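Data first, discussion second: the structure below is written as structure tokens.
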Amino acid sequence: MTTLAQAVGDGAVITKRNLLKIKRVPELLVFATLSPIMFVLLFAFIFGSAIPLPGVDYKEFLMAGIFTQTVVFGSTITGASLAEDLQKGLIDRFRSLPMARSAVLVGRTTADIGNNVVTIFVMAVTGLLVGWRIRTSVLEALAAFALLLLFAYAISWLMALVGLSVKSPEVVQNASFIIIFPITFIANTFVPTDNFPPALKAFANWNPVSSVTLAARELFGNTSPALPPPDVWPAEHPVVYSLIWIVGILVIFVPLSVRKYQSAAGR
Amino acid sequence: MAAVEVEGLVKKFKETTALAGVDLVVPEATVLGLLGPNGAGKTTVVRILSTLLKADAGSARIFGKDVVAHADEVRSMIGLTGQYAAVDEYLTGQENLEMIGRLYHLTRSDSRQRATTLLDRFDLADAADRIAKTYSGGMRRRLDIAASLIARPRVLFLDEPTTGLDPRSRIGMWEFIASLVSEGTTILLTTQYLEEADRLADGIVVIDHGKVIARGTADQLKSQVGGHRLEFTVSDVAELPTLRERVAPLGVDDPVIDEQSRSLSLPVRGGAEVLRDALRLLDDSGVTLVDVGLRRPDLDDVFLILTGHASEAPSSNGALDAGSSDGAAPVRSGRHALKGADQ
């Protein structure tokens with residue numbers, strides 16, 4: 001068996017293991033999907049009632065943003081699960097086995113795509129029920145979902161490094177909360193960035209969360225000529241800019257995480 | 001070729017020196033007991049041998065393969081059971097074992113077959129399809145050990161394998177370990193239970209503060225520590241002076257009297273014949289013996305004398321008793337004497 005085939009095989013074994021957990025503890029999935037439903041409803045009806053937008057219904061504007069925020073938050077599962085495996089001594093066991101050094105991380109991040117697929121599906125259905133509409137084609141909508149999943153996958157690798165560096169899953173949750181909240185709010189996720197203070201506006205305009213959101217929004221057809229994107233390069237090329245970030249994050253954090261894994265010590 | 005060879009292993013964690021030059025050899029199909037108090041460096045040795053940790057200096061080989069340069073080959077030959085049961089709580093016992101089998105690159109059917117066999121052998125067949133979260137501590141422990149055996153490792157590392165097991169499971173584990181060795185598996189076992197090392201280990205290495213302070217067979221270590229002791233228990237404290245007077249001439253040192261337990265302990269040279277002599281001396285003394293015996297030094301005594309403190313295992317195995325009845329004074333002098341003898 002070649003090294004690559006073996007790495008893929010080992011990764012698949014770990015992916016299966018992680019997916020089995022979703023099956024064994026369905027409550028996790030129930031709560032993981034309830035909160036996005038709640039967010040869609042809260043934002044759509046609470047913010048939606050107070051934020052009038054020119055040319056586009058707020059519910060339509062909102063969905064791309066809330067998709068992005070949710071999948072980014074979902075990636076913390078990667079870090080928290082790895083921290084838990086580390087704490088329970090499972091990483092020690094895996095590291096003593098003749099398996100590929102990448103397998104635990106590949107298996108984890110891959111299983112977490114599954115998690116995000118379910119979450120996005122539930123949110124999309126909820127959105128459609130409350131008035132969200134895809135105004136383009138199926139293909140463009142699928143491209144938007146694919147971009148969201150890719151972005152989440154990249155963030156998962158970043159979170160993997162965090163998870164392997166801390167001592168307990170709770171730390172991952174708390175630490176990521178502090179980082180992810182500002183990153184997903186100082187962006188075009190919930191409101192247009194036009195009236196942000198200058199510093200926040202500059203941050204928001206170059207924030208990859210904004211470009212992923214804008215790319216998805218355009219691919220869903222939830223934009224309006226009356227609400228033009230800001231006059232900056234990332235906003236003019238949101239898909240390209242998003243892909244640059246995704247590739248950049250993967251190029252940096254895949255090797256860093258795999259390296260960290262090789263010296264990670266539980267307890 | 002020795003199954004495990006370790007030379008001059010050094011490992012520092014920031015300021016603390018976990019290992020300060022450890023050498024050891026484990027011949028194939030034998031058990032080496034690695035003994036030492038908490039923090040002595042036992043687990044660090046195991047982590048380095050199982051490729052989890054890199055040493056700062058020195059080398060370690062498993063059947064001639066260096067644990068750093070040929071880590072993957074080493075990993076295919078070893079099984080590791082750490083101090084904490086590393087099982088996936090959300091998988092069933094069967095799934096846990098099959099997963100590990102697949103990661104050792106056994107075929108799907110081999111993994112399944114080995115899993116079933118091992119679950120049966122570890123008395124977990126009935127729980128095979130339950131998720132491990134529902135297992136008791138002892139069951140998890142057994143599942144963990146089964147996992148480390150799935151690919152028939154040639155060398156097995158057991159880091160305190162019976163910690164947390166009830167006495168019955170512990171004896172079961174000992175029988176199991178003995179049977180593995182008879183099938184040709186080499187085992188390196190760390191333990192705080194001296195009784196365990198005494199019972200299982202062919203060779204014993206005692207480490208403290210990251211250094212080997214003694215090595216040999218259990219019998220060699222015991223004879224290093226000293227001879228036998230006669231122990232008497234009488235029914236009335238008032239009989240102790242008479243007892244002392246009669247038996248003291250047999251001793252090589254002064255008897256130690258403990259009024260609390262109405263007992264007398266006398267260091268002697270020689271074996272069972274001393275006991276016979278002692279009983280003869282007491283024939284018409286009027287002393288009522290409740291208990292009498294010839295006690296060989298156990299590893300608790302060895303441990304106490306070598307490290308200067310009693311083993312830190314729970315007192316269930318008598319480790320602390322040894323500490324309290326032997327007193328501290330002979331310990332310090334004995335320690336230096338032994339260190340010299342060991343060189």
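Note on naming: chains are A, B, ... as they come in the structure tokens, residues start from 1 per chain, ligands start from 1 in the order shown.
Residues of chain A having any atom within 7 Å of chain B, counting only C-alpha atoms, are Asp10, Val13, Lys21, Arg24, Lys88, Gly89, Leu90, Asp92, Arg93, Arg95, Ser96, Leu97, Pro98 and Met99 of chain A.
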Serialized selection, C-alpha atoms, as a PDB file, in the first residue's frame:
```pdb
ATOM      1  CA  ASP A  10      -6.419   5.883   8.011  1.00  0.00           C
ATOM      2  CA  VAL A  13     -11.225   5.151   9.627  1.00  0.00           C
ATOM      3  CA  LYS A  21     -20.412   9.915  17.506  1.00  0.00           C
ATOM      4  CA  ARG A  24     -24.584   7.836  19.062  1.00  0.00           C
ATOM      5  CA  LYS A  88      -8.813  11.470  27.343  1.00  0.00           C
ATOM      6  CA  GLY A  89      -5.519   9.987  26.166  1.00  0.00           C
ATOM      7  CA  LEU A  90      -6.890   8.949  22.757  1.00  0.00           C
ATOM      8  CA  ASP A  92      -1.591   9.257  22.805  1.00  0.00           C
ATOM      9  CA  ARG A  93      -3.000   5.957  21.675  1.00  0.00           C
ATOM     10  CA  ARG A  95       0.222   8.447  18.090  1.00  0.00           C
ATOM     11  CA  SER A  96       1.565   5.082  19.230  1.00  0.00           C
ATOM     12  CA  LEU A  97      -0.056   3.357  16.231  1.00  0.00           C
ATOM     13  CA  PRO A  98       1.618   2.890  12.834  1.00  0.00           C
ATOM     14  CA  MET A  99      -0.985   5.149  11.207  1.00  0.00           C
TER      15      MET A  99
END
```
### Message
Env of Leu158 in chain A: 8 Å cut, atoms = only C-alpha atoms, seq-sep filter 2 positions within chain, self excluded. Answer as a count of residues only.
### Response
10
So that I can see what lies close to Ile244 in chain A, please list as a PDB file with N, CA and C atoms, in the first residue's frame the residues with an atom at most 12 Å from it, counting only C-alpha atoms and leaving out residues fewer than 3 positions away in the same chain.
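What landed in around-v4.pdb:
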```
ATOM      1  N   LEU A 147     -18.627  27.123  -1.237  1.00  0.00           N
ATOM      2  CA  LEU A 147     -17.669  28.121  -0.759  1.00  0.00           C
ATOM      3  C   LEU A 147     -17.738  28.232   0.768  1.00  0.00           C
ATOM      4  N   LEU A 150     -16.058  25.213   2.245  1.00  0.00           N
ATOM      5  CA  LEU A 150     -14.603  25.280   2.085  1.00  0.00           C
ATOM      6  C   LEU A 150     -13.993  26.222   3.111  1.00  0.00           C
ATOM      7  N   PHE A 151     -14.648  27.364   3.284  1.00  0.00           N
ATOM      8  CA  PHE A 151     -14.151  28.346   4.243  1.00  0.00           C
ATOM      9  C   PHE A 151     -14.157  27.740   5.652  1.00  0.00           C
ATOM     10  N   ALA A 154     -11.327  25.305   6.094  1.00  0.00           N
ATOM     11  CA  ALA A 154     -10.040  25.955   6.351  1.00  0.00           C
ATOM     12  C   ALA A 154      -9.949  26.406   7.812  1.00  0.00           C
ATOM     13  N   PRO A 208     -12.070  38.366   5.589  1.00  0.00           N
ATOM     14  CA  PRO A 208     -12.537  37.289   4.698  1.00  0.00           C
ATOM     15  C   PRO A 208     -13.975  36.866   4.976  1.00  0.00           C
ATOM     16  N   SER A 211     -15.998  38.793   2.642  1.00  0.00           N
ATOM     17  CA  SER A 211     -15.955  38.395   1.235  1.00  0.00           C
ATOM     18  C   SER A 211     -16.696  37.085   1.010  1.00  0.00           C
ATOM     19  N   VAL A 212     -16.588  36.161   1.987  1.00  0.00           N
ATOM     20  CA  VAL A 212     -17.344  34.910   1.845  1.00  0.00           C
ATOM     21  C   VAL A 212     -18.838  35.224   1.857  1.00  0.00           C
ATOM     22  N   PRO A 234     -11.411  43.406  -2.501  1.00  0.00           N
ATOM     23  CA  PRO A 234     -12.060  42.175  -2.022  1.00  0.00           C
ATOM     24  C   PRO A 234     -13.548  42.147  -2.348  1.00  0.00           C
ATOM     25  N   HIS A 237     -14.052  41.369  -6.047  1.00  0.00           N
ATOM     26  CA  HIS A 237     -13.755  39.976  -6.421  1.00  0.00           C
ATOM     27  C   HIS A 237     -13.942  39.064  -5.215  1.00  0.00           C
ATOM     28  N   PRO A 238     -15.143  38.993  -4.679  1.00  0.00           N
ATOM     29  CA  PRO A 238     -15.323  38.270  -3.408  1.00  0.00           C
ATOM     30  C   PRO A 238     -14.960  36.785  -3.487  1.00  0.00           C
ATOM     31  N   VAL A 239     -15.276  36.130  -4.618  1.00  0.00           N
ATOM     32  CA  VAL A 239     -14.982  34.697  -4.706  1.00  0.00           C
ATOM     33  C   VAL A 239     -13.468  34.472  -4.735  1.00  0.00           C
ATOM     34  N   VAL A 240     -12.784  35.245  -5.559  1.00  0.00           N
ATOM     35  CA  VAL A 240     -11.326  35.086  -5.668  1.00  0.00           C
ATOM     36  C   VAL A 240     -10.667  35.400  -4.328  1.00  0.00           C
ATOM     37  N   TYR A 241     -11.098  36.519  -3.724  1.00  0.00           N
ATOM     38  CA  TYR A 241     -10.503  36.922  -2.449  1.00  0.00           C
ATOM     39  C   TYR A 241     -10.750  35.850  -1.381  1.00  0.00           C
ATOM     40  N   VAL A 247      -7.096  29.092   0.680  1.00  0.00           N
ATOM     41  CA  VAL A 247      -5.839  28.416   0.338  1.00  0.00           C
ATOM     42  C   VAL A 247      -4.744  28.839   1.316  1.00  0.00           C
ATOM     43  N   GLY A 248      -4.694  30.148   1.602  1.00  0.00           N
ATOM     44  CA  GLY A 248      -3.671  30.657   2.522  1.00  0.00           C
ATOM     45  C   GLY A 248      -3.751  30.000   3.884  1.00  0.00           C
ATOM     46  N   ILE A 249      -4.965  29.928   4.429  1.00  0.00           N
ATOM     47  CA  ILE A 249      -5.143  29.327   5.760  1.00  0.00           C
ATOM     48  C   ILE A 249      -4.717  27.853   5.727  1.00  0.00           C
ATOM     49  N   LEU A 250      -5.123  27.141   4.671  1.00  0.00           N
ATOM     50  CA  LEU A 250      -4.776  25.715   4.592  1.00  0.00           C
ATOM     51  C   LEU A 250      -3.270  25.524   4.460  1.00  0.00           C
ATOM     52  N   VAL A 251      -2.642  26.350   3.619  1.00  0.00           N
ATOM     53  CA  VAL A 251      -1.197  26.198   3.398  1.00  0.00           C
ATOM     54  C   VAL A 251      -0.436  26.416   4.702  1.00  0.00           C
TER      55      VAL A 251
END
```
### Message
Nearest residue to Leu299 in chain B out of B:Arg262, B:Arg280, B:Arg199, B:Arg246, using only C-alpha atoms?
### Response
B:Arg199
### Task
Looking only at helix (DSSP H, G or I) from DSSP on the backbone, list the matching residues of range 88-195 of chain A as a PyMOL selection string.
chain A and resi 90-95+103-130+138-165+169-185
